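Chemist: This is my_file.txt, which holds compact mmCIF, C-alpha atoms and all ligand atoms:
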```txt
# COMPACT_ATOMS: atom_id res chain seq x y z
CA MET A 25 159.26 53.32 -45.63
CA ALA A 26 157.50 50.91 -47.94
CA ALA A 27 157.99 47.25 -47.10
CA SER A 28 160.16 45.35 -49.57
CA VAL A 29 158.20 42.18 -50.01
CA GLU A 30 159.39 39.92 -52.76
CA ILE A 31 158.52 36.44 -53.87
CA HIS A 32 161.39 34.46 -55.17
CA GLY A 33 162.70 30.96 -55.60
CA PHE A 34 160.58 27.90 -55.96
CA PHE A 35 161.07 24.74 -54.01
CA GLN A 36 158.97 21.69 -53.67
CA LEU A 37 158.65 19.79 -50.41
CA ARG A 38 156.78 16.59 -50.78
CA ARG A 39 155.75 13.99 -48.29
CA GLN A 40 154.56 10.43 -48.11
CA HIS A 41 151.80 8.65 -46.23
CA PRO A 42 152.16 6.59 -44.14
CA PRO A 43 155.32 7.90 -42.41
CA LEU A 44 158.65 6.20 -43.05
CA ALA A 45 160.11 3.95 -40.41
CA GLY A 46 162.07 6.06 -37.93
CA CYS A 47 159.66 8.97 -38.13
CA ALA A 48 158.23 9.48 -34.64
CA SER A 49 154.81 10.56 -35.88
CA ARG A 50 152.91 11.54 -38.98
CA ARG A 51 153.31 15.17 -38.03
CA GLN A 52 157.11 15.17 -37.88
CA PHE A 53 158.71 16.06 -41.15
CA ALA A 54 162.38 16.05 -40.25
CA VAL A 55 163.12 12.41 -41.07
CA ARG A 56 160.91 11.94 -44.01
CA ALA A 57 161.45 11.45 -47.69
CA SER A 58 158.49 11.31 -49.95
CA SER A 59 156.29 11.33 -52.97
CA ASP A 60 152.86 12.72 -53.63
CA SER A 61 150.39 11.30 -56.04
CA ALA A 62 147.77 13.98 -56.51
CA VAL A 63 145.18 12.96 -59.06
CA GLU A 64 144.29 15.76 -61.39
CA ALA A 65 140.59 16.20 -61.97
CA PRO A 66 139.35 16.58 -65.51
CA VAL A 67 138.58 20.12 -66.54
CA ALA A 68 134.84 20.50 -66.24
CA GLY A 69 134.29 22.79 -69.12
CA SER A 70 135.64 25.78 -70.94
CA ASN A 71 134.79 29.42 -71.03
CA GLY A 72 133.29 29.06 -74.45
CA ALA A 73 130.99 26.25 -73.38
CA ALA A 74 130.15 28.01 -70.09
CA SER A 75 127.64 30.43 -71.53
CA GLU A 76 125.79 27.66 -73.43
CA ARG A 77 125.53 25.46 -70.38
CA THR A 78 122.04 25.24 -68.88
CA VAL A 79 122.76 22.98 -65.93
CA VAL A 80 123.90 24.55 -62.65
CA ARG A 81 127.26 23.34 -61.25
CA LEU A 82 128.34 23.02 -57.63
CA GLY A 83 132.03 22.29 -56.89
CA LEU A 84 132.88 20.21 -53.82
CA PRO A 85 136.33 19.22 -52.48
CA SER A 86 137.37 15.98 -54.14
CA LYS A 87 139.85 14.87 -51.49
CA GLY A 88 141.57 15.95 -48.33
CA ARG A 89 140.16 16.88 -44.99
CA MET A 90 137.22 18.91 -46.30
CA ALA A 91 135.81 16.25 -48.63
CA GLU A 92 134.06 13.98 -46.16
CA GLU A 93 132.75 16.70 -43.89
CA THR A 94 131.30 18.58 -46.84
CA LEU A 95 129.36 15.51 -47.97
CA ASN A 96 128.22 14.91 -44.39
CA LEU A 97 126.96 18.45 -44.04
CA LEU A 98 124.96 18.18 -47.25
CA LYS A 99 123.62 14.79 -46.19
CA ASN A 100 122.45 16.30 -42.90
CA CYS A 101 120.58 18.88 -44.96
CA GLN A 102 118.93 16.00 -46.88
CA LEU A 103 121.06 16.90 -49.90
CA THR A 104 122.95 13.64 -50.36
CA ALA A 105 125.29 13.65 -53.35
CA ARG A 106 124.81 10.51 -55.45
CA GLN A 107 128.01 9.31 -57.07
CA VAL A 108 127.87 6.33 -59.38
CA ASN A 109 131.36 5.34 -58.24
CA PRO A 110 133.93 7.06 -56.01
CA ARG A 111 136.43 7.52 -58.86
CA GLN A 112 133.96 9.63 -60.80
CA TYR A 113 134.21 13.39 -60.47
CA VAL A 114 130.57 14.11 -61.19
CA ALA A 115 127.48 13.39 -59.08
CA ASP A 116 123.95 14.63 -58.61
CA ILE A 117 121.73 15.55 -55.69
CA PRO A 118 118.24 14.16 -56.36
CA GLN A 119 116.52 16.98 -54.43
CA LEU A 120 118.13 19.62 -56.64
CA SER A 121 117.23 18.83 -60.21
CA ASN A 122 119.15 20.62 -62.93
CA MET A 123 122.31 20.69 -60.82
CA GLU A 124 125.57 18.77 -61.22
CA VAL A 125 128.09 18.28 -58.45
CA TRP A 126 131.73 18.33 -59.57
CA PHE A 127 134.45 17.06 -57.22
CA GLN A 128 137.56 19.19 -57.56
CA ARG A 129 140.60 20.25 -55.54
CA PRO A 130 139.63 23.27 -53.37
CA LYS A 131 141.89 25.70 -55.24
CA ASP A 132 140.50 24.50 -58.57
CA ILE A 133 136.97 25.12 -57.33
CA VAL A 134 137.84 28.78 -56.83
CA ARG A 135 139.62 29.02 -60.18
CA LYS A 136 136.72 27.37 -62.00
CA LEU A 137 134.18 29.64 -60.35
CA HIS A 138 136.20 32.52 -61.68
CA ALA A 139 136.42 30.96 -65.15
CA GLY A 140 132.66 30.35 -65.26
CA ASP A 141 133.00 26.55 -65.26
CA LEU A 142 131.35 26.29 -61.83
CA ASP A 143 128.57 28.43 -60.36
CA LEU A 144 128.74 27.50 -56.67
CA GLY A 145 131.34 25.87 -54.45
CA ILE A 146 132.25 24.88 -50.91
CA VAL A 147 135.87 25.54 -49.86
CA GLY A 148 137.85 26.87 -46.89
CA LEU A 149 137.91 30.65 -46.51
CA ASP A 150 141.72 30.46 -46.73
CA THR A 151 141.57 28.90 -50.22
CA PHE A 152 138.84 31.29 -51.30
CA SER A 153 140.86 34.32 -50.14
CA GLU A 154 144.12 33.09 -51.63
CA TYR A 155 142.90 31.98 -55.04
CA GLY A 156 139.92 34.34 -55.33
CA GLN A 157 142.28 37.20 -54.51
CA GLU A 158 139.38 39.51 -53.83
CA THR A 159 138.02 39.06 -57.32
CA GLU A 160 134.92 41.22 -57.68
CA ASP A 161 132.95 38.41 -59.31
CA LEU A 162 133.28 35.94 -56.42
CA ILE A 163 130.97 36.21 -53.45
CA ILE A 164 130.58 34.45 -50.09
CA VAL A 165 127.02 33.18 -49.71
CA HIS A 166 127.44 31.45 -46.30
CA ASN A 167 130.47 32.46 -44.24
CA GLU A 168 130.37 29.90 -41.44
CA LEU A 169 129.57 26.31 -42.23
CA LYS A 170 131.09 25.33 -38.87
CA TYR A 171 133.79 22.89 -39.96
CA GLY A 172 137.31 23.09 -41.36
CA ASP A 173 138.25 25.54 -38.60
CA CYS A 174 141.86 26.58 -38.81
CA ARG A 175 143.98 29.72 -38.94
CA LEU A 176 146.60 30.90 -41.38
CA SER A 177 149.44 31.78 -39.08
CA ILE A 178 153.13 32.71 -39.11
CA ALA A 179 155.40 30.30 -37.23
CA ILE A 180 159.07 30.50 -36.32
CA PRO A 181 161.51 28.10 -34.67
CA MET A 182 161.44 27.79 -30.87
CA TYR A 183 165.24 27.67 -30.83
CA GLY A 184 168.31 29.67 -31.86
CA ILE A 185 167.93 33.34 -32.69
CA PHE A 186 164.15 33.03 -32.32
CA GLU A 187 164.20 31.71 -28.77
CA ASN A 188 163.03 35.00 -27.24
CA ILE A 189 160.96 36.20 -30.17
CA ASN A 190 157.27 35.97 -29.33
CA SER A 191 155.45 38.54 -31.46
CA LEU A 192 155.37 39.91 -34.98
CA GLN A 193 156.76 43.12 -33.57
CA ASP A 194 159.73 41.28 -32.00
CA LEU A 195 160.29 39.55 -35.34
CA ALA A 196 160.18 42.83 -37.27
CA GLN A 197 162.65 44.44 -34.88
CA MET A 198 165.31 41.73 -35.23
CA PRO A 199 168.46 43.28 -36.69
CA HIS A 200 169.09 40.21 -38.85
CA TRP A 201 166.83 41.15 -41.75
CA THR A 202 168.26 43.39 -44.43
CA LYS A 203 167.63 44.03 -48.10
CA GLU A 204 170.38 41.56 -48.95
CA ARG A 205 169.31 39.01 -46.33
CA PRO A 206 165.54 39.27 -45.87
CA LEU A 207 163.38 37.18 -43.52
CA ARG A 208 162.63 34.12 -45.67
CA VAL A 209 159.09 32.79 -45.34
CA ALA A 210 157.98 29.51 -46.92
CA THR A 211 154.29 29.33 -47.73
CA GLY A 212 151.63 28.06 -50.09
CA PHE A 213 149.85 31.40 -49.57
CA THR A 214 151.86 33.69 -51.80
CA TYR A 215 149.07 36.21 -52.23
CA LEU A 216 147.85 36.54 -48.64
CA GLY A 217 151.36 36.32 -47.12
CA PRO A 218 152.99 39.29 -48.87
CA ARG A 219 149.80 41.33 -48.54
CA PHE A 220 149.75 40.77 -44.77
CA MET A 221 153.43 41.60 -44.31
CA LYS A 222 153.00 44.78 -46.33
CA GLU A 223 149.95 45.80 -44.27
CA LYS A 224 151.96 45.23 -41.10
CA GLY A 225 154.81 47.34 -42.42
CA MET A 226 157.29 44.44 -42.25
CA LYS A 227 160.44 45.32 -44.12
CA HIS A 228 162.80 42.92 -45.84
CA VAL A 229 160.70 39.82 -46.26
CA SER A 230 160.93 37.32 -49.07
CA PHE A 231 158.56 34.46 -49.82
CA SER A 232 159.14 31.12 -51.43
CA THR A 233 156.41 28.77 -52.50
CA ALA A 234 156.04 25.27 -51.18
CA ASP A 235 153.50 22.53 -51.51
CA GLY A 236 153.02 20.62 -48.27
CA ALA A 237 155.26 19.66 -45.32
CA LEU A 238 156.18 23.30 -44.89
CA GLU A 239 157.01 22.70 -41.26
CA ALA A 240 160.29 21.09 -42.36
CA ALA A 241 161.57 24.20 -44.15
CA PRO A 242 163.20 26.04 -41.17
CA ALA A 243 164.96 22.90 -39.89
CA MET A 244 166.25 22.26 -43.42
CA GLY A 245 167.60 25.82 -43.60
CA ILE A 246 165.33 26.62 -46.54
CA SER A 247 163.43 29.35 -44.70
CA ASP A 248 163.46 31.28 -41.42
CA ALA A 249 159.70 31.18 -40.88
CA ILE A 250 156.64 29.55 -42.39
CA LEU A 251 153.10 30.72 -43.07
CA ASP A 252 150.69 27.79 -43.00
CA LEU A 253 147.38 26.53 -41.67
CA VAL A 254 147.21 25.55 -38.02
CA SER A 255 144.38 23.96 -36.09
CA SER A 256 145.50 21.85 -33.11
CA GLY A 257 149.09 23.15 -33.29
CA THR A 258 150.46 19.59 -33.11
CA THR A 259 152.40 19.78 -36.38
CA LEU A 260 154.13 22.99 -35.32
CA ARG A 261 155.00 21.63 -31.86
CA GLU A 262 156.35 18.39 -33.22
CA ASN A 263 158.60 20.32 -35.55
CA ASN A 264 159.84 22.74 -32.85
CA LEU A 265 157.99 25.71 -34.26
CA LYS A 266 155.80 28.28 -32.49
CA GLU A 267 153.17 30.81 -33.46
CA ILE A 268 153.70 34.46 -32.55
CA GLU A 269 151.43 37.18 -31.22
CA GLY A 270 149.95 39.21 -34.06
CA GLY A 271 150.95 36.57 -36.59
CA VAL A 272 147.49 35.30 -37.56
CA VAL A 273 146.72 36.31 -41.12
CA LEU A 274 143.25 34.78 -41.35
CA GLU A 275 140.77 32.71 -39.32
CA SER A 276 139.24 30.16 -41.63
CA GLN A 277 136.36 27.69 -41.86
CA ALA A 278 134.32 26.17 -44.67
CA VAL A 279 132.25 28.65 -46.70
CA LEU A 280 129.70 28.45 -49.52
CA VAL A 281 130.81 30.66 -52.39
CA ALA A 282 129.43 31.62 -55.80
CA SER A 283 130.11 33.51 -58.96
CA LYS A 284 128.10 36.74 -59.01
CA LYS A 285 127.88 36.55 -62.78
CA SER A 286 126.30 33.09 -62.56
CA LEU A 287 123.88 34.18 -59.85
CA ILE A 288 122.69 37.08 -61.94
CA GLN A 289 122.85 35.65 -65.44
CA ARG A 290 122.52 31.88 -65.40
CA SER A 291 118.96 30.65 -65.13
CA GLY A 292 118.31 28.49 -62.05
CA VAL A 293 121.45 29.42 -60.08
CA LEU A 294 119.71 31.88 -57.80
CA ASP A 295 116.84 29.47 -57.00
CA ILE A 296 119.22 26.61 -56.22
CA THR A 297 121.37 28.91 -54.09
CA HIS A 298 118.28 29.96 -52.16
CA GLU A 299 117.31 26.37 -51.43
CA ILE A 300 120.84 25.32 -50.43
CA LEU A 301 121.22 28.40 -48.24
CA GLU A 302 117.87 27.88 -46.52
CA ARG A 303 118.64 24.25 -45.79
CA LEU A 304 122.16 25.04 -44.56
CA GLU A 305 121.00 27.85 -42.30
CA ALA A 306 118.09 25.88 -40.89
CA HIS A 307 120.27 22.84 -40.27
CA LEU A 308 123.20 24.75 -38.74
CA ARG A 309 120.88 26.72 -36.48
CA ALA A 310 119.20 23.49 -35.36
CA ALA A 311 122.48 21.62 -34.88
CA ALA A 312 123.37 23.89 -31.99
CA GLN A 313 120.02 23.45 -30.19
CA PHE A 314 117.93 20.86 -28.36
CA THR A 315 114.17 20.87 -27.84
CA VAL A 316 113.38 20.52 -24.17
CA THR A 317 109.92 19.64 -22.87
CA ALA A 318 109.02 19.51 -19.20
CA HIS A 319 106.07 19.62 -16.84
CA MET A 320 105.58 22.46 -14.37
CA ARG A 321 103.03 23.09 -11.66
CA GLY A 322 101.20 26.40 -11.68
CA SER A 323 97.78 27.95 -11.34
CA ASN A 324 97.85 29.48 -14.83
CA ALA A 325 100.05 29.66 -17.96
CA GLU A 326 101.18 33.26 -17.22
CA GLU A 327 102.50 32.27 -13.80
CA VAL A 328 104.51 29.43 -15.37
CA ALA A 329 105.80 31.81 -18.08
CA GLU A 330 106.95 34.30 -15.42
CA LYS A 331 108.91 31.58 -13.65
CA ILE A 332 110.58 30.47 -16.88
CA HIS A 333 111.48 34.01 -17.94
CA SER A 334 113.07 34.55 -14.51
CA GLN A 335 115.81 32.07 -15.50
CA PRO A 336 118.54 33.29 -17.92
CA SER A 337 119.01 29.97 -19.77
CA LEU A 338 115.34 29.14 -20.37
CA THR A 339 114.00 31.83 -22.67
CA GLY A 340 114.45 29.73 -25.84
CA LEU A 341 114.42 31.20 -29.34
CA GLN A 342 111.42 33.46 -28.75
CA GLY A 343 109.92 32.33 -25.47
CA PRO A 344 108.38 29.17 -24.04
CA THR A 345 105.36 27.43 -25.57
CA ILE A 346 103.09 26.54 -22.63
CA SER A 347 100.09 24.21 -22.84
CA PRO A 348 97.76 23.04 -20.09
CA VAL A 349 97.89 19.34 -19.20
CA TYR A 350 94.32 18.10 -18.59
CA CYS A 351 94.20 15.43 -15.89
CA LYS A 352 91.18 13.56 -14.69
CA ARG A 353 90.90 13.17 -10.95
CA ASP A 354 87.84 11.85 -9.07
CA GLY A 355 85.94 11.94 -12.35
CA LYS A 356 86.74 15.64 -12.84
CA VAL A 357 89.02 17.17 -15.46
CA SER A 358 91.37 19.80 -14.09
CA VAL A 359 94.62 21.58 -14.92
CA ASP A 360 97.23 21.28 -12.20
CA TYR A 361 100.31 21.59 -14.32
CA TYR A 362 101.55 22.71 -17.71
CA ALA A 363 103.73 21.26 -20.44
CA ILE A 364 106.43 23.65 -21.60
CA ILE A 365 108.53 23.48 -24.76
CA ILE A 366 111.70 25.51 -25.27
CA CYS A 367 114.79 25.38 -27.50
CA VAL A 368 118.02 25.30 -25.57
CA PRO A 369 121.59 25.71 -26.87
CA GLN A 370 123.42 22.37 -26.66
CA LYS A 371 126.27 24.09 -24.82
CA THR A 372 124.03 25.22 -21.96
CA LEU A 373 121.78 22.15 -21.80
CA TYR A 374 122.80 21.01 -18.34
CA LYS A 375 122.57 24.53 -16.91
CA SER A 376 119.09 24.83 -18.42
CA VAL A 377 117.96 21.53 -16.90
CA GLN A 378 119.24 22.66 -13.49
CA GLN A 379 117.35 25.95 -13.84
CA LEU A 380 114.18 24.12 -14.88
CA ARG A 381 114.40 21.91 -11.82
CA SER A 382 115.01 24.89 -9.54
CA ILE A 383 111.63 26.37 -10.57
CA GLY A 384 109.76 23.08 -10.17
CA GLY A 385 110.20 21.49 -13.61
CA SER A 386 109.91 17.70 -13.82
CA GLY A 387 109.79 14.97 -16.48
CA VAL A 388 112.36 16.78 -18.63
CA LEU A 389 112.64 15.33 -22.16
CA VAL A 390 115.44 16.40 -24.50
CA SER A 391 115.39 15.78 -28.27
CA PRO A 392 117.70 16.83 -31.10
CA LEU A 393 116.43 19.25 -33.73
CA THR A 394 116.77 18.74 -37.48
CA TYR A 395 115.93 22.19 -38.86
CA ILE A 396 114.97 25.61 -37.56
CA PHE A 397 113.46 27.60 -40.43
CA GLU A 398 113.07 31.29 -39.65
CA GLU A 399 110.63 33.51 -41.56
CA GLU A 400 113.46 34.81 -43.69
CA THR A 401 117.13 33.90 -44.08
CA PRO A 402 119.22 36.98 -43.24
CA ARG A 403 122.03 35.80 -45.51
CA TRP A 404 119.60 35.58 -48.45
CA ARG A 405 118.57 39.20 -47.93
CA ASP A 406 122.26 40.19 -47.77
CA LEU A 407 123.01 38.24 -50.95
CA LEU A 408 120.19 39.88 -52.90
CA SER A 409 121.26 43.31 -51.79
CA GLU A 410 124.89 42.61 -52.74
CA LEU A 411 123.71 41.50 -56.18
CA GLY A 412 121.60 44.64 -56.47
CA LEU A 413 118.40 42.56 -56.81
N1 LIG B 501 144.84 21.40 -39.91
C1 LIG B 501 143.68 21.76 -40.38
N2 LIG B 501 142.61 21.75 -39.60
C2 LIG B 501 141.41 22.09 -40.06
N3 LIG B 501 141.18 22.47 -41.32
C3 LIG B 501 142.21 22.48 -42.14
C4 LIG B 501 143.50 22.13 -41.73
N4 LIG B 501 144.30 22.19 -42.76
C5 LIG B 501 143.54 22.58 -43.79
N5 LIG B 501 142.29 22.78 -43.41
C6 LIG B 501 141.15 23.23 -44.25
O1 LIG B 501 140.91 22.24 -45.21
C7 LIG B 501 141.10 22.78 -46.52
C8 LIG B 501 141.63 21.71 -47.42
O2 LIG B 501 142.88 21.26 -46.94
P1 LIG B 501 143.55 19.98 -47.53
O3 LIG B 501 144.84 19.81 -46.83
O4 LIG B 501 142.61 18.87 -47.51
O5 LIG B 501 143.73 20.35 -49.01
P2 LIG B 501 144.84 21.18 -49.70
O6 LIG B 501 146.03 21.22 -48.79
O7 LIG B 501 144.24 22.46 -50.14
O8 LIG B 501 145.02 20.26 -50.94
P3 LIG B 501 146.30 20.02 -51.79
O9 LIG B 501 147.31 19.54 -50.77
O10 LIG B 501 145.86 19.00 -52.78
O11 LIG B 501 146.64 21.34 -52.41
C9 LIG B 501 142.02 23.96 -46.32
O12 LIG B 501 141.86 24.92 -47.35
C10 LIG B 501 141.54 24.50 -44.99
O13 LIG B 501 140.40 25.31 -45.16
O1 LIG B 502 147.70 22.25 -36.33
P1 LIG B 502 147.50 20.86 -36.86
O2 LIG B 502 146.24 20.24 -36.34
O3 LIG B 502 148.69 19.98 -36.61
O4 LIG B 502 147.28 20.96 -38.44
C1 LIG B 502 148.18 21.67 -39.25
C2 LIG B 502 148.54 20.89 -40.48
O5 LIG B 502 147.36 20.59 -41.22
C3 LIG B 502 147.58 20.95 -42.58
O6 LIG B 502 148.23 19.94 -43.26
P2 LIG B 502 147.46 18.65 -43.84
O7 LIG B 502 147.33 17.64 -42.77
O8 LIG B 502 146.20 19.11 -44.46
O9 LIG B 502 148.44 18.11 -44.91
P3 LIG B 502 148.91 18.75 -46.31
O10 LIG B 502 150.17 19.51 -45.98
O11 LIG B 502 149.15 17.56 -47.14
O12 LIG B 502 147.84 19.62 -46.86
C4 LIG B 502 148.51 22.15 -42.49
O13 LIG B 502 149.18 22.36 -43.72
C5 LIG B 502 149.44 21.76 -41.36
O14 LIG B 502 150.55 21.02 -41.81
MG MG B 503 146.44 20.56 -46.34
```
Could the structure of this file be written out as structure tokens, please?

Modeler:
Amino acid sequence: MAASVEIHGFFQLRRQHPPLAGCASRRQFAVRASSDSAVEAPVAGSNGAASERTVVRLGLPSKGRMAEETLNLLKNCQLTARQVNPRQYVADIPQLSNMEVWFQRPKDIVRKLHAGDLDLGIVGLDTFSEYGQETEDLIIVHNELKYGDCRLSIAIPMYGIFENINSLQDLAQMPHWTKERPLRVATGFTYLGPRFMKEKGMKHVSFSTADGALEAAPAMGISDAILDLVSSGTTLRENNLKEIEGGVVLESQAVLVASKKSLIQRSGVLDITHEILERLEAHLRAAAQFTVTAHMRGSNAEEVAEKIHSQPSLTGLQGPTISPVYCKRDGKVSVDYYAIIICVPQKTLYKSVQQLRSIGGSGVLVSPLTYIFEEETPRWRDLLSELGL
């Protein structure tokens, strides 16, 4: 039978920072009253003006948890956004001439990409999926910028009728939900939520929209469950809520997105995208690696290479670079040992150093890497093929 998924009722839950006296922590919503003073960004342009525009536009999160990390990522790619003052919504990046940066709320970035008022943007995959709603014109250029990790997940109370409910299947099989009294889910994700429930064949579900502090809704009797972003799980725990098996709608992190129409039609967008993509890929690849140099005894370079290849954590990106070290002893130049250079994942650094030592490595130097440029960026090839270029 088809799932009856309906969206009805609107309620607004708002919250205040810092927490009110009597509230045990910032993440508890039960004893909080509030206000919210979101600052609306000016509209960057209009559809009519969009086609006449010659400058390329990149939308970045103006506030919230993604704002700072996005600027830091770009800075680490030597693409520092230059803002005349922090209250201004427009900036430039000196390395990318003919491009404006516009600071906008994440959901507005997606909407404005769709409207043609922005060409490129950085947002969470959750926002992109919710507000892009699988629009044909919007495209993901880089799908893992390695920050803003969270999941969009269903949560239910730990107590009462939900005490022994631990999976989506358990939830679906509860006799409580009927056409007249559906499972009420509060969420800001009113596109992804109903779609997920329908896919899972959940019957008798209704959704209500909310804007922040969703975790309070079950305790207030406004909803039975919530669908919201979770990362550490602290907010859920502190509000006596739990996730359930099979209840993750989406795993999210920051992504670089674009309008296909802009990429194809607007002069300069493709070139700028290429440069941003190359820098991002080279930086993100490098951020996970260290360069390790060491000295090793051996009678020739091949013998040293064999030893290194015998160790699972020492093969590097392609293989070791090995150079003879020329020493002068008793007036004679000879090669007794070799300098080796490899790239090592940061996660396995210590294991790699131990393996190097076990095969006679000494004088191990470790340095961070700024960029690793490959011959070609795989994501660039994918993008061109998706654009039919
Ligand atoms: N707890 C979290 N941990 C990690 N990333 C998160 C978390 N919550 C949200 N995010 C990511 O950060 C993005 C922006 O979230 P943020 O709360 O800053 O803005 P928002 O809630 O979309 O803004 P607004 O409240 O103005 O609508 C989200 O779309 C998501 O990708
Ligand atoms: O699992 P946790 O680490 O506790 O994070 C989850 C919380 O983070 C987000 O809220 P945010 O702090 O962005 O506030 P908002 O509701 O104002 O967007 C999300 O809406 C959850 O409430
Ligand atoms: Mg938020």

Chemist: Residues within 10 Å of ligand MG 503 (chain B) should be enumerated using only C-alpha atoms and all ligand atoms and returned as an MDAnalysis selection string.

Modeler: chainID A and resid 88:90 212 235:237 252:254

Chemist: Any chance you could work out the axis-aligned box around ligand LIG 501 (chain B), listed atoms only, 6 Å on each side, giving centre and edge lengths in Å to one decimal, as lines of an AutoDock Vina configuration file?

Modeler:
```
center_x = 143.9
center_y = 22.1
center_z = -46.2
size_x = 18.9
size_y = 18.4
size_z = 25.2
```

Chemist: With distances taken over only C-alpha atoms and all ligand atoms, which of A:Gly140, A:Gly148, A:Gly257, A:Gly245 is nearest to ligand LIG 502 (chain B)?

Modeler: A:Gly257

Chemist: Give me, please, the distance in Å between atom CA of Ala196 of chain A and atom CA of Arg175 of chain A, quoted to one decimal.

Modeler: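 Answer for the atom CA of Ala196 of chain A to atom CA of Arg175 of chain A separation: 20.9 Å.
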
Chemist: Figure out the distance between atom CA of Glu302 of chain A and atom CA of Asp116 of chain A, please, to one decimal in Å.

Modeler: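 Between these atoms lies a distance of 18.9 Å.
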
Chemist: Which residues are near Ser153 of chain A? Cut-off 12 Å, all atoms listed in the file, ignore same chain within fewer than 5 positions. Put them as a ChimeraX atom specification.

Modeler: /A:130-131,134-135,147-148,158-160,162-164,176,213-217,219,273-279,281

Chemist: Counting all atoms listed in the file, write as a VMD selection string all protein and nucleic acid residues lying at most 12 Å from (123.5, 28.0, -47.9) in the file's frame.

Modeler: chain A and resid 82 97 to 98 101 103 144 to 146 164 to 169 278 to 282 294 to 309 401 to 404 407

Chemist: Go through A:Leu338, A:Tyr171, A:Leu137, A:Pro369 and flag the residue nearest Ala91 of chain A, using all atoms listed in the file for the distances.

Modeler: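 Closest residue, counting all atoms listed in the file: A:Tyr171.
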
Chemist: Have a look at A:Ser86, A:Asn100, A:Gln313, A:Ser358 and name the one nearest to Ala115 of chain A; count only C-alpha atoms.

Modeler: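 Distance minimum relative to Ala115 of chain A lands on A:Ser86.
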
Chemist: Record the distance separating atom CA of Lys99 of chain A and atom CA of Gln112 of chain A, expressed in Å with one decimal.

Modeler: 18.6 Å

Chemist: At a cut-off of 7 Å, using only C-alpha atoms, what residues contact segment 317-325 of chain A? Leave out same-chain residues fewer than 4 positions from it and give the result as a VMD selection string.

Modeler: chain A and resid 329 346 360 to 366 384 to 390

Chemist: Which residue is closest to ligand LIG 502 (chain B)? Choose from A:Ile246, A:Leu95, A:Leu260, A:Ile178 and count only C-alpha atoms and all ligand atoms.

Modeler: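 Of all the options, A:Leu260 lies closest to ligand LIG 502 (chain B).
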
Chemist: With all atoms listed in the file as the atoms that count, which of A:Leu238, A:Ala210, A:Val316, A:Val349 lies nearest to ligand LIG 502 (chain B)?

Modeler: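 That would be A:Leu238, the residue with the smallest distance to ligand LIG 502 (chain B).
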
Chemist: Identify which of the residues A:Ala139, A:Val377, A:Ala311, A:Val359 lies closest to Pro392 of chain A, counting only C-alpha atoms when measuring atom-to-atom distances.

Modeler: A:Ala311

Chemist: Starting from the point (122.3, 19.7, -65.5), work out which residues of protein, DNA or RNA have an atom no more than 10 Å away when counting only C-alpha atoms; state them as a PyMOL selection string.

Modeler: chain A and resi 77-81+116+120-125
